[in-house]
Each structure stands twice: as structure tokens, then as C-alpha cells.
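What follows is the content of query_11.cif, which has mmCIF, C-alpha atoms and all ligand atoms:
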data_start
#
loop_
_atom_site.label_atom_id
_atom_site.label_comp_id
_atom_site.auth_asym_id
_atom_site.auth_seq_id
_atom_site.Cartn_x
_atom_site.Cartn_y
_atom_site.Cartn_z
CA MET A 1 58.79 88.57 -11.23
CA ARG A 2 61.35 91.02 -12.71
CA PRO A 3 65.00 90.63 -11.73
CA ALA A 4 65.01 92.58 -8.47
CA ALA A 5 67.31 95.46 -7.72
CA VAL A 6 70.05 93.48 -6.02
CA SER A 7 71.42 94.65 -2.72
CA GLU A 8 75.17 94.66 -2.07
CA PRO A 9 76.17 92.51 -0.34
CA LEU A 10 73.56 90.02 -1.46
CA ARG A 11 71.17 89.06 1.34
CA LEU A 12 71.12 85.29 1.56
CA CYS A 13 68.85 82.81 3.33
CA VAL A 14 70.11 79.25 3.87
CA HIS A 15 67.40 76.60 4.16
CA GLY A 16 68.74 73.48 5.90
CA ALA A 17 71.33 75.64 7.65
CA THR A 18 72.18 73.19 10.44
CA GLY A 19 72.98 70.22 8.18
CA ARG A 20 76.34 69.19 6.69
CA MET A 21 75.87 71.34 3.59
CA GLY A 22 74.34 74.21 5.53
CA ARG A 23 77.42 74.33 7.73
CA ALA A 24 79.73 74.22 4.71
CA LEU A 25 77.83 77.18 3.26
CA LEU A 26 78.04 79.14 6.49
CA GLU A 27 81.81 78.62 6.62
CA VAL A 28 82.25 79.86 3.04
CA ILE A 29 79.90 82.85 3.50
CA ARG A 30 82.01 83.99 6.48
CA GLY A 31 84.97 84.53 4.18
CA ARG A 32 83.08 86.49 1.53
CA GLY A 33 82.15 90.13 1.33
CA ASP A 34 79.66 89.90 -1.54
CA VAL A 35 77.06 87.80 0.30
CA ARG A 36 75.60 88.31 3.75
CA LEU A 37 73.67 85.70 5.70
CA VAL A 38 70.38 87.21 6.82
CA ALA A 39 68.38 84.07 7.66
CA ALA A 40 69.11 80.46 8.59
CA VAL A 41 66.20 78.02 8.46
CA GLY A 42 66.34 74.71 10.32
CA ARG A 43 63.97 71.83 10.92
CA PRO A 44 60.91 72.63 13.05
CA GLY A 45 61.49 71.17 16.52
CA SER A 46 65.28 71.22 16.09
CA PRO A 47 67.16 72.10 19.30
CA HIS A 48 69.08 74.67 17.23
CA VAL A 49 66.00 76.85 16.63
CA GLY A 50 66.45 80.18 18.43
CA ARG A 51 70.22 79.77 18.83
CA ASP A 52 72.79 81.78 16.92
CA VAL A 53 73.68 79.81 13.81
CA GLY A 54 77.37 80.51 14.46
CA ALA A 55 77.19 78.20 17.48
CA VAL A 56 75.80 75.45 15.24
CA THR A 57 78.89 75.62 13.08
CA GLY A 58 81.17 75.77 16.11
CA GLY A 59 82.42 79.22 15.06
CA PRO A 60 81.95 82.76 16.34
CA ALA A 61 78.44 84.26 16.53
CA TYR A 62 76.83 85.24 13.24
CA GLY A 63 74.19 87.47 14.77
CA VAL A 64 71.57 85.35 12.98
CA ALA A 65 69.31 83.01 14.96
CA VAL A 66 68.10 79.71 13.49
CA ILE A 67 64.41 79.97 12.59
CA ASP A 68 62.00 77.27 11.49
CA ALA A 69 59.64 79.25 9.23
CA PRO A 70 60.83 79.45 5.60
CA ALA A 71 58.46 82.37 4.92
CA GLU A 72 60.32 84.48 7.48
CA GLY A 73 63.64 83.70 5.78
CA LEU A 74 62.23 84.47 2.33
CA ARG A 75 60.90 87.83 3.44
CA ALA A 76 64.36 88.85 4.65
CA CYS A 77 66.46 87.76 1.67
CA ASP A 78 67.31 88.53 -1.97
CA VAL A 79 68.02 84.87 -2.73
CA LEU A 80 67.63 81.52 -0.96
CA VAL A 81 69.83 78.42 -1.11
CA ASP A 82 68.24 75.11 -0.09
CA PHE A 83 70.18 72.05 1.06
CA SER A 84 67.66 70.20 3.20
CA ALA A 85 65.44 67.18 2.49
CA PRO A 86 62.70 66.58 -0.13
CA GLU A 87 59.81 67.05 2.34
CA ALA A 88 61.42 70.24 3.59
CA THR A 89 61.91 71.51 0.04
CA GLN A 90 58.23 70.81 -0.63
CA ARG A 91 57.27 72.95 2.34
CA LEU A 92 59.68 75.63 1.18
CA LEU A 93 58.05 75.73 -2.27
CA ALA A 94 54.68 76.51 -0.69
CA ALA A 95 56.32 79.47 1.07
CA ILE A 96 58.01 80.65 -2.15
CA ALA A 97 54.59 80.71 -3.83
CA GLN A 98 53.65 83.30 -1.23
CA TYR A 99 56.99 85.13 -0.97
CA PRO A 100 58.72 84.64 -4.35
CA ARG A 101 62.52 84.87 -4.21
CA PRO A 102 65.13 83.43 -6.60
CA THR A 103 65.99 80.00 -5.19
CA VAL A 104 68.85 77.55 -5.71
CA ILE A 105 67.68 74.03 -4.84
CA GLY A 106 70.60 71.76 -4.00
CA THR A 107 68.49 69.15 -2.22
CA THR A 108 68.46 65.81 -4.03
CA GLY A 109 65.98 62.94 -4.14
CA LEU A 110 63.13 65.25 -5.19
CA THR A 111 60.05 63.39 -6.40
CA ARG A 112 58.46 64.18 -9.75
CA PRO A 113 55.55 66.03 -8.07
CA ILE A 114 58.05 68.22 -6.21
CA GLU A 115 59.90 68.90 -9.47
CA ALA A 116 56.59 69.75 -11.12
CA ALA A 117 55.97 72.27 -8.35
CA VAL A 118 59.43 73.80 -8.97
CA ARG A 119 58.66 74.01 -12.69
CA ALA A 120 55.31 75.72 -11.99
CA LEU A 121 56.98 78.28 -9.71
CA ALA A 122 59.67 78.90 -12.32
CA GLU A 123 57.06 80.53 -14.53
CA ARG A 124 57.16 83.50 -12.20
CA VAL A 125 60.34 83.09 -10.11
CA PRO A 126 63.97 82.34 -11.12
CA MET A 127 64.53 78.76 -9.88
CA LEU A 128 67.74 76.75 -10.22
CA LEU A 129 67.67 72.97 -9.79
CA ALA A 130 71.18 71.77 -9.03
CA PRO A 131 71.49 68.18 -7.80
CA ASN A 132 75.20 68.92 -7.91
CA THR A 133 76.39 72.49 -7.47
CA SER A 134 79.98 71.59 -8.33
CA VAL A 135 81.37 73.54 -11.25
CA GLY A 136 83.62 70.53 -12.00
CA VAL A 137 80.60 68.24 -12.33
CA ALA A 138 78.93 70.73 -14.69
CA VAL A 139 82.07 70.54 -16.83
CA LEU A 140 81.98 66.72 -16.57
CA GLY A 141 78.47 66.77 -18.10
CA GLU A 142 79.70 68.87 -21.01
CA LEU A 143 82.72 66.60 -21.54
CA LEU A 144 80.39 63.60 -21.57
CA GLY A 145 78.30 65.22 -24.31
CA ILE A 146 81.42 65.90 -26.41
CA ALA A 147 82.71 62.34 -25.88
CA LEU A 148 79.40 60.69 -26.81
CA GLY A 149 79.12 62.81 -29.95
CA ALA A 150 82.60 61.77 -31.07
CA LEU A 151 82.57 58.11 -30.00
CA GLY A 152 79.18 57.16 -31.42
CA PRO A 153 76.45 54.81 -30.20
CA ASP A 154 78.60 51.64 -30.04
CA TRP A 155 80.28 52.75 -26.87
CA ASP A 156 78.72 51.47 -23.64
CA VAL A 157 78.29 53.90 -20.76
CA GLU A 158 78.35 52.85 -17.11
CA ILE A 159 78.21 55.23 -14.15
CA VAL A 160 79.51 54.45 -10.68
CA GLU A 161 78.99 56.80 -7.76
CA LEU A 162 80.46 56.60 -4.26
CA HIS A 163 79.24 58.65 -1.29
CA HIS A 164 79.49 58.73 2.51
CA ARG A 165 77.49 56.27 4.55
CA GLY A 166 75.01 58.98 5.70
CA LYS A 167 73.67 59.85 2.24
CA ALA A 168 69.89 59.40 2.26
CA ASP A 169 69.13 58.81 -1.42
CA ALA A 170 70.57 56.45 -4.03
CA PRO A 171 71.67 56.66 -6.71
CA SER A 172 72.88 60.22 -6.41
CA GLY A 173 70.94 62.92 -8.26
CA THR A 174 74.15 63.59 -10.17
CA ALA A 175 74.46 60.00 -11.40
CA LEU A 176 70.85 60.12 -12.60
CA ARG A 177 71.44 63.45 -14.26
CA LEU A 178 74.51 62.08 -16.08
CA ALA A 179 72.55 58.98 -17.17
CA ARG A 180 69.82 61.21 -18.55
CA LEU A 181 72.39 63.26 -20.42
CA VAL A 182 73.42 60.02 -22.15
CA ALA A 183 69.78 59.38 -23.12
CA GLU A 184 69.39 62.97 -24.37
CA ALA A 185 72.62 62.79 -26.38
CA ARG A 186 71.43 59.56 -28.02
CA GLY A 187 67.88 60.77 -28.60
CA LEU A 188 66.46 58.02 -26.38
CA GLN A 189 63.96 57.95 -23.52
CA ALA A 190 65.78 57.66 -20.19
CA GLN A 191 63.00 55.54 -18.71
CA GLY A 192 63.75 51.84 -19.11
CA MET A 193 67.27 52.61 -20.32
CA ILE A 194 68.84 53.01 -16.88
CA VAL A 195 69.56 49.87 -14.83
CA HIS A 196 70.40 50.14 -11.17
CA GLY A 197 72.90 47.34 -10.59
CA ARG A 198 72.80 43.83 -12.03
CA SER A 199 72.47 40.43 -10.44
CA GLY A 200 71.79 36.89 -11.61
CA ARG A 201 71.58 35.71 -15.22
CA VAL A 202 71.08 39.10 -16.79
CA GLY A 203 72.31 38.07 -20.24
CA PRO A 204 74.18 40.34 -22.66
CA ARG A 205 74.04 44.03 -22.10
CA PRO A 206 71.65 45.89 -24.47
CA ALA A 207 73.57 48.59 -26.36
CA GLU A 208 71.35 51.46 -25.21
CA GLN A 209 71.50 50.47 -21.53
CA VAL A 210 73.23 52.73 -18.97
CA GLY A 211 74.21 51.02 -15.73
CA VAL A 212 74.09 53.23 -12.62
CA LEU A 213 75.73 51.76 -9.55
CA ALA A 214 75.67 53.35 -6.07
CA ALA A 215 78.32 52.55 -3.44
CA ARG A 216 78.21 53.91 0.12
CA GLY A 217 80.86 54.11 2.78
CA GLY A 218 82.79 56.14 5.32
CA ASP A 219 83.00 59.88 4.87
CA VAL A 220 83.48 60.05 1.09
CA VAL A 221 82.20 63.46 0.00
CA GLY A 222 81.30 62.27 -3.49
CA GLU A 223 82.82 60.53 -6.50
CA HIS A 224 81.37 59.96 -9.96
CA THR A 225 83.09 57.77 -12.52
CA LEU A 226 81.90 57.43 -16.09
CA TRP A 227 83.15 54.41 -18.01
CA LEU A 228 82.85 54.72 -21.75
CA CYS A 229 83.72 51.31 -23.13
CA GLY A 230 84.41 50.84 -26.82
CA PRO A 231 85.95 48.08 -28.90
CA GLY A 232 89.48 47.55 -27.58
CA GLU A 233 89.60 50.67 -25.42
CA ARG A 234 87.98 52.42 -22.49
CA LEU A 235 87.72 56.06 -21.54
CA GLU A 236 87.18 57.07 -17.91
CA LEU A 237 85.93 60.45 -16.79
CA VAL A 238 86.14 60.93 -13.04
CA HIS A 239 85.09 63.69 -10.71
CA ARG A 240 86.17 63.57 -7.06
CA ALA A 241 84.83 65.97 -4.48
CA HIS A 242 87.49 66.44 -1.79
CA ASP A 243 85.64 68.82 0.44
CA ARG A 244 82.01 69.88 0.87
CA SER A 245 83.06 73.50 0.50
CA LEU A 246 83.15 73.01 -3.28
CA PHE A 247 79.37 72.56 -3.32
CA ALA A 248 79.02 75.69 -1.21
CA HIS A 249 81.22 77.73 -3.58
CA GLY A 250 79.20 76.49 -6.57
CA ALA A 251 75.86 77.17 -4.85
CA LEU A 252 76.91 80.74 -4.01
CA ARG A 253 78.15 81.33 -7.55
CA ALA A 254 74.74 80.07 -8.74
CA ALA A 255 72.88 82.29 -6.25
CA CYS A 256 74.80 85.42 -7.30
CA TRP A 257 74.00 84.63 -10.95
CA LEU A 258 70.36 83.63 -10.40
CA VAL A 259 69.39 86.81 -8.65
CA ARG A 260 69.98 88.73 -11.89
CA GLN A 261 67.94 86.40 -14.11
CA PRO A 262 64.30 86.63 -15.22
CA PRO A 263 61.88 83.87 -14.12
CA GLY A 264 62.74 80.45 -15.52
CA LEU A 265 64.04 77.03 -14.61
CA TYR A 266 67.81 76.90 -14.71
CA GLU A 267 70.62 74.45 -14.06
CA MET A 268 74.36 74.75 -13.36
CA ARG A 269 75.31 74.71 -17.05
CA ASP A 270 73.28 77.94 -17.43
CA VAL A 271 75.36 79.52 -14.66
CA LEU A 272 78.46 78.69 -16.71
CA GLY A 273 76.86 80.22 -19.82
CA TRP A 274 76.46 76.97 -21.74
CA SER A 275 72.79 76.59 -22.48
CA ALA A 276 69.66 78.49 -23.39
CA ARG A 277 67.49 79.90 -20.63
CA GLY A 278 64.89 77.57 -19.22
CA ALA A 279 66.43 74.30 -20.42
CA THR A 280 66.77 71.67 -17.73
CA ALA A 281 66.74 67.93 -17.27
CA THR A 282 64.70 66.32 -14.55
CA VAL A 283 66.19 64.11 -11.90
CA GLY A 284 63.04 63.39 -9.89
CA ARG A 285 61.82 60.03 -8.74
CA ASP A 286 58.22 58.84 -8.97
P1 LIG A 301 71.96 66.76 6.34
O1 LIG A 301 71.06 65.62 6.71
O2 LIG A 301 73.26 66.91 7.04
O3 LIG A 301 71.19 68.14 6.46
C1 LIG A 301 69.86 68.32 6.10
C2 LIG A 301 69.36 69.47 6.88
O4 LIG A 301 68.01 69.79 6.50
C3 LIG A 301 69.34 69.19 8.39
O5 LIG A 301 69.95 70.27 9.06
C4 LIG A 301 67.88 69.14 8.71
O6 LIG A 301 67.62 69.63 10.03
C5 LIG A 301 67.33 70.11 7.67
N1 LIG A 301 65.89 69.96 7.55
C6 LIG A 301 65.16 68.83 7.59
N2 LIG A 301 63.86 69.15 7.53
C7 LIG A 301 63.80 70.49 7.45
C8 LIG A 301 62.74 71.42 7.36
N3 LIG A 301 61.47 71.03 7.34
N4 LIG A 301 63.03 72.74 7.27
C9 LIG A 301 64.32 73.15 7.25
N5 LIG A 301 65.35 72.33 7.35
C10 LIG A 301 65.09 71.01 7.45
O7 LIG A 301 72.18 66.59 4.77
P2 LIG A 301 73.28 67.33 3.86
O8 LIG A 301 74.42 66.40 3.65
O9 LIG A 301 73.53 68.70 4.36
O10 LIG A 301 72.51 67.36 2.48
C11 LIG A 301 71.29 68.08 2.36
C12 LIG A 301 70.73 67.82 0.97
O11 LIG A 301 71.64 68.35 -0.01
C13 LIG A 301 70.57 66.35 0.61
O12 LIG A 301 69.45 66.20 -0.22
C14 LIG A 301 71.85 66.02 -0.14
O13 LIG A 301 71.72 64.92 -0.99
C15 LIG A 301 72.02 67.31 -0.91
N6 LIG A 301 73.36 67.61 -1.38
C16 LIG A 301 73.42 68.25 -2.56
C17 LIG A 301 74.64 68.63 -3.05
C18 LIG A 301 74.67 69.40 -4.34
O14 LIG A 301 75.76 69.67 -4.86
N7 LIG A 301 73.52 69.82 -4.85
C19 LIG A 301 75.82 68.37 -2.33
C20 LIG A 301 75.72 67.72 -1.12
C21 LIG A 301 74.48 67.35 -0.64
#
Do you think you could lay out the structure here as C-alpha cells?
Ligand code: NAD
Amino acid sequence: MRPAAVSEPLRLCVHGATGRMGRALLEVIRGRGDVRLVAAVGRPGSPHVGRDVGAVTGGPAYGVAVIDAPAEGLRACDVLVDFSAPEATQRLLAAIAQYPRPTVIGTTGLTRPIEAAVRALAERVPMLLAPNTSVGVAVLGELLGIALGALGPDWDVEIVELHHRGKADAPSGTALRLARLVAEARGLQAQGMIVHGRSGRVGPRPAEQVGVLAARGGDVVGEHTLWLCGPGERLELVHRAHDRSLFAHGALRAACWLVRQPPGLYEMRDVLGWSARGATATVGRD
């Protein structure tokens, strides 16, 4: 698939439009002139299907009805943004195989088979896997790489994430991504290196271990804290999401960038111009 001639404003389809992130996207799109919502895909059987998506967000009419067929949305758009659920993303991928469109996948908790399907599609469609579409988190990943390079292997890394009580998957895709960045930076295999919490007589901490701890509560949009603990000192890198709109802004920035790229598998650092085309780390679960 060649980078398509891009329409102005960019025609966008939101998959998972009636969820928390879908609504945040719709709010942000309203205020922008460079993107236009042309399709909003919801869950089959949802009471929202057939209604104007504006009503779903509690705002004025959008003139776009919620549909439940991803293929219909793909046919109408230049680029699709997905914030749904892993099973829904899987169904979406089957539709993209038929109607290829550049796609930003923000859904987290993807299994390895789903990621493999994304990778296969990326050979002919621009695909962007972004378990966190925040630009700040992309910068956090780069800062982590710089810190690890300078501090050396003696420093222990622990990652703590905190999210709202409704989050379906744990740990967050972002925490896993950050843990895998540590493995990459140290030239180690992530598998077996990451521990998810500790309990009982666990003994001393192996140097290469990365602890990933997930906390859940209230309406916290998302926090990631990296502890880098060295002899006699500790460095903390923290990212706090205050408002879901930040993910929407990042996803739209990614969509506007992706639509001009050749086929490949991309991540947020590519959007910021930091890495070679096609490089990506996996976050999938078995
Ligand atoms: P949510 O539960 O509020 O919304 C999910 C939406 O997907 C719902 O509207 C649901 O109806 C819809 N859906 C379910 N099955 C569907 C199907 N078959 N077809 C179309 N839509 C379907 O969840 P949310 O908080 O909006 O988060 C959605 C996803 O995005 C989650 O995986 C979450 O972890 C992830 N997320 C990612 C980021 C990021 O920066 N990448 C940020 C926040 C949330």
C-alpha cells in the first residue's frame, strides 16, 4: 500500500467510539479543523448503534451515526484509530485485511497472536501500535534509555503503575513496554526478567530483575513511576496523566503522521522522529 493521497481534513474512523477513550477522542476532534470524524464504530448489540455519536458524548449532534461494522468505517476513512478491547481489535484486523487503511491501535492487553496479526498486516499497511499514545510517556521511554546508559547495570529498576478501578488489564501495556525497554537497553531477554509483585520469602533481588507492580483505584487516569535505585541514591522518573484528552491528542498526532508513511509497524517514538522505520517492541501477552 502506497501512502495514499491524503484528504484535507483527514477523514477519521474511531473504533471503540462509545468508550471512555472514544469519547475523549470525539471531544478533541470537535475542536480541530484538520481531522473530520466520518465513522464511529461501537460494539455489536450496543444500544448506541444507529444513534448520532454526538448524543453518546452528551454533546451536540455530529451527523455521524454509530455503526457496528468495522469494514464500513474503514471504507469511509483515510485513517482509523482503535481504542476498544483485544477481541474487538482482532475483529478489526480481519476487516483491515480486506479494506487496508493506516491504523493506530491504542487498545492494550493484546495477545501475542493478535500482535502477530498486526505485524503481518504491517507488511502492506502502515500500522502503529501504541499502548500509550501520550507524547510525555514516549519521552519518558527515551529518558529511561539515557538514564540506564549512564547509570550502568548496577542500578535496580522497579516500575509502579496506578490506574482507575475500571481498567481491564494489568499491568498496563505501558509498564510492560517500559520493562521491555530496560531489557533491550541491557541486552537481556525480557521473559523471566520481569516479576509481577513479590510475596513471601522471595530472597535477595537478582540484579537483572525488573519489578512491575500494578495498583488500581478510583478514577486515576494513569500514573507510571520508574525507580532507579543505585548505591546511596535513587532516581525517580514519573509520568502523570491528568486527563484522558492527552491520549486523544497523541493518538490524533500519530494518525496524522501515520497516514503519510509507507507500510510498516510503527510506535510513538517514530511519530516523534526518534527511531528507524519498522522498529517496535512487543507488549503482547501469551
Ligand atoms: P472502555 O471500556 O470505556 O471502552 C471500550 C469500548 O470498546 C467500549 O465502547 C466498547 O463498547 C467498545 N467495544 C467493545 N467491543 C467492541 C467491538 N467488537 N467493536 C467495536 N467496539 C467495541 O475502555 P477505554 O478506557 O475507552 O479503553 C479502551 C482501550 O484503550 C483499553 O484497551 C485501554 O486499556 C486502552 N487505553 C489505551 C490508552 C493509550 O494511550 N494507548 C489510553 C487509555 C486507554
Please report, as a Markdown table, each residue of chain A lying at most 7 Å from ligand LIG 301 (chain A), together with the nearest pair of atoms and the separation in Å rounded to one decimal; use all atoms listed in the file, and order rows by chain and ascending residue number.
| residue | atom | partner | partner_atom | distance |
| --- | --- | --- | --- | --- |
| A:His15 | CA | A:LIG301 | C9 | 5.6 |
| A:Gly16 | CA | A:LIG301 | O4 | 3.8 |
| A:Ala17 | CA | A:LIG301 | O5 | 5.7 |
| A:Thr18 | CA | A:LIG301 | O5 | 3.9 |
| A:Gly19 | CA | A:LIG301 | O5 | 3.2 |
| A:Arg20 | CA | A:LIG301 | O9 | 3.7 |
| A:Met21 | CA | A:LIG301 | O9 | 3.6 |
| A:Gly22 | CA | A:LIG301 | O9 | 5.7 |
| A:Val41 | CA | A:LIG301 | C9 | 5.4 |
| A:Gly42 | CA | A:LIG301 | N5 | 3.9 |
| A:Arg43 | CA | A:LIG301 | C7 | 3.7 |
| A:Pro44 | CA | A:LIG301 | N3 | 6.0 |
| A:Ser46 | CA | A:LIG301 | O6 | 6.7 |
| A:Asp68 | CA | A:LIG301 | N4 | 6.3 |
| A:Phe83 | CA | A:LIG301 | O11 | 4.1 |
| A:Ser84 | CA | A:LIG301 | O4 | 3.3 |
| A:Ala85 | CA | A:LIG301 | O12 | 4.9 |
| A:Pro86 | CA | A:LIG301 | O12 | 6.8 |
| A:Glu87 | CA | A:LIG301 | N3 | 6.6 |
| A:Ala88 | CA | A:LIG301 | N3 | 3.8 |
| A:Arg91 | CA | A:LIG301 | N3 | 6.8 |
| A:Gly106 | CA | A:LIG301 | N7 | 3.6 |
| A:Thr107 | CA | A:LIG301 | O12 | 3.7 |
| A:Thr108 | CA | A:LIG301 | O12 | 4.0 |
| A:Gly109 | CA | A:LIG301 | O12 | 6.2 |
| A:Ala130 | CA | A:LIG301 | N7 | 5.2 |
| A:Pro131 | CA | A:LIG301 | N7 | 3.9 |
| A:Asn132 | CA | A:LIG301 | O14 | 3.2 |
| A:Thr133 | CA | A:LIG301 | O14 | 3.9 |
| A:Ser134 | CA | A:LIG301 | O14 | 5.8 |
| A:Lys167 | CA | A:LIG301 | O13 | 6.3 |
| A:Ala168 | CA | A:LIG301 | O13 | 6.7 |
| A:Asp169 | CA | A:LIG301 | O13 | 6.7 |
| A:Arg244 | CA | A:LIG301 | C20 | 6.9 |
| A:Phe247 | CA | A:LIG301 | O14 | 4.9 |
Straight-line distance linking atom CA of Val139 of chain A with atom CA of Arg269 of chain A, stated in Å to one decimal: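 Taking atom CA of Val139 of chain A and atom CA of Arg269 of chain A, their separation equals 7.9 Å.
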Can you pull out every residue within 12 Å of segment 144-148 of chain A, counting all atoms listed in the file, but drop anything in the same chain fewer than 3 positions away, and send it as a PDB file with C-alpha atoms, in the coordinates of the input?
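Saved to selection17.pdb:
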ATOM      1  CA  VAL A 137      80.600  68.240 -12.330  1.00  0.00           C
ATOM      2  CA  ALA A 138      78.930  70.730 -14.690  1.00  0.00           C
ATOM      3  CA  VAL A 139      82.070  70.540 -16.830  1.00  0.00           C
ATOM      4  CA  LEU A 140      81.980  66.720 -16.570  1.00  0.00           C
ATOM      5  CA  GLY A 141      78.470  66.770 -18.100  1.00  0.00           C
ATOM      6  CA  LEU A 151      82.570  58.110 -30.000  1.00  0.00           C
ATOM      7  CA  GLY A 152      79.180  57.160 -31.420  1.00  0.00           C
ATOM      8  CA  PRO A 153      76.450  54.810 -30.200  1.00  0.00           C
ATOM      9  CA  ASP A 154      78.600  51.640 -30.040  1.00  0.00           C
ATOM     10  CA  TRP A 155      80.280  52.750 -26.870  1.00  0.00           C
ATOM     11  CA  ASP A 156      78.720  51.470 -23.640  1.00  0.00           C
ATOM     12  CA  VAL A 157      78.290  53.900 -20.760  1.00  0.00           C
ATOM     13  CA  GLU A 158      78.350  52.850 -17.110  1.00  0.00           C
ATOM     14  CA  ILE A 159      78.210  55.230 -14.150  1.00  0.00           C
ATOM     15  CA  ARG A 177      71.440  63.450 -14.260  1.00  0.00           C
ATOM     16  CA  LEU A 178      74.510  62.080 -16.080  1.00  0.00           C
ATOM     17  CA  ALA A 179      72.550  58.980 -17.170  1.00  0.00           C
ATOM     18  CA  ARG A 180      69.820  61.210 -18.550  1.00  0.00           C
ATOM     19  CA  LEU A 181      72.390  63.260 -20.420  1.00  0.00           C
ATOM     20  CA  VAL A 182      73.420  60.020 -22.150  1.00  0.00           C
ATOM     21  CA  ALA A 183      69.780  59.380 -23.120  1.00  0.00           C
ATOM     22  CA  GLU A 184      69.390  62.970 -24.370  1.00  0.00           C
ATOM     23  CA  ALA A 185      72.620  62.790 -26.380  1.00  0.00           C
ATOM     24  CA  ARG A 186      71.430  59.560 -28.020  1.00  0.00           C
ATOM     25  CA  GLY A 187      67.880  60.770 -28.600  1.00  0.00           C
ATOM     26  CA  THR A 225      83.090  57.770 -12.520  1.00  0.00           C
ATOM     27  CA  LEU A 226      81.900  57.430 -16.090  1.00  0.00           C
ATOM     28  CA  TRP A 227      83.150  54.410 -18.010  1.00  0.00           C
ATOM     29  CA  LEU A 228      82.850  54.720 -21.750  1.00  0.00           C
ATOM     30  CA  CYS A 229      83.720  51.310 -23.130  1.00  0.00           C
ATOM     31  CA  GLY A 230      84.410  50.840 -26.820  1.00  0.00           C
ATOM     32  CA  ARG A 234      87.980  52.420 -22.490  1.00  0.00           C
ATOM     33  CA  LEU A 235      87.720  56.060 -21.540  1.00  0.00           C
ATOM     34  CA  GLU A 236      87.180  57.070 -17.910  1.00  0.00           C
ATOM     35  CA  LEU A 237      85.930  60.450 -16.790  1.00  0.00           C
ATOM     36  CA  VAL A 238      86.140  60.930 -13.040  1.00  0.00           C
ATOM     37  CA  HIS A 239      85.090  63.690 -10.710  1.00  0.00           C
TER      38      HIS A 239
END
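Taking atom CA of Ile96 of chain A as the reference point, atom CA of Leu80 of chain A is found at 9.7 Å.
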Among listed residues A:Pro9, A:Gly58, A:Pro113, A:Pro263, nearest Met127 of chain A (using only C-alpha atoms): A:Pro263
Two-atom distance - atom CA of Ala24 of chain A, atom CA of Val81 of chain A (Å):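 If I compute the distance from atom CA of Ala24 of chain A to atom CA of Val81 of chain A, I get 12.2 Å.
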Given the point (70.6, 96.1, -2.9) in the file's coordinates, find the residues that have an atom at most 12 Å from it, counting only C-alpha atoms, and give them as a tab-separated table (two decimals) with C-alpha atoms, keeping the file's coordinate frame.
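Generated file (selection.tsv):
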chain	number	residue	atom	x	y	z
A	3	PRO	CA	65.00	90.63	-11.73
A	4	ALA	CA	65.01	92.58	-8.47
A	5	ALA	CA	67.31	95.46	-7.72
A	6	VAL	CA	70.05	93.48	-6.02
A	7	SER	CA	71.42	94.65	-2.72
A	8	GLU	CA	75.17	94.66	-2.07
A	9	PRO	CA	76.17	92.51	-0.34
A	10	LEU	CA	73.56	90.02	-1.46
A	11	ARG	CA	71.17	89.06	1.34
A	12	LEU	CA	71.12	85.29	1.56
A	34	ASP	CA	79.66	89.90	-1.54
A	35	VAL	CA	77.06	87.80	0.30
A	36	ARG	CA	75.60	88.31	3.75
A	77	CYS	CA	66.46	87.76	1.67
A	78	ASP	CA	67.31	88.53	-1.97
A	79	VAL	CA	68.02	84.87	-2.73
A	259	VAL	CA	69.39	86.81	-8.65
A	260	ARG	CA	69.98	88.73	-11.89
Could you give me the centre and size, in Å to one decimal, of an axis-aligned box around all listed atoms of segment 206-210 of chain A with 5 Å added on every side, as lines of an AutoDock Vina configuration file?
center_x = 72.5
center_y = 49.3
center_z = -22.7
size_x = 12.2
size_y = 16.8
size_z = 17.4
Among listed residues A:Ala39, A:Leu246, A:Val212, A:Val56, nearest Arg23 of chain A (using only C-alpha atoms): A:Val56
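Every protein or nucleic acid residue with an atom no more than 10 Å from Gly59 of chain A, counting only C-alpha atoms and leaving out same-chain residues fewer than 4 positions away, appears here: A:Leu26, A:Glu27, A:Arg30, A:Val53, A:Gly54, A:Ala55.
Every protein or nucleic acid residue with an atom no more than 9 Å from Arg240 of chain A, counting only C-alpha atoms and leaving out same-chain residues fewer than 5 positions away, appears here: Gly136, Val137, Val221, Gly222, Glu223, His224 and Thr225 of chain A.
For Val28 of chain A, the list of residues within 8 Å, based on all atoms listed in the file and with local chain neighbours fewer than 6 positions off taken out, reads Ser245, Ala248 and His249 of chain A.
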Test item: residues at most 10 Å from Leu121 of chain A, only C-alpha atoms, excluding those fewer than 2 positions along its chain, as a VMD selection string: chain A and resid 93 to 94 96 to 97 100 115 to 119 123 to 127 263 to 265
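Closest approach to Asp82 of chain A among A:Pro102, A:Gly173, A:Val14, A:Ala65 is made by A:Val14 (distances from all atoms listed in the file).
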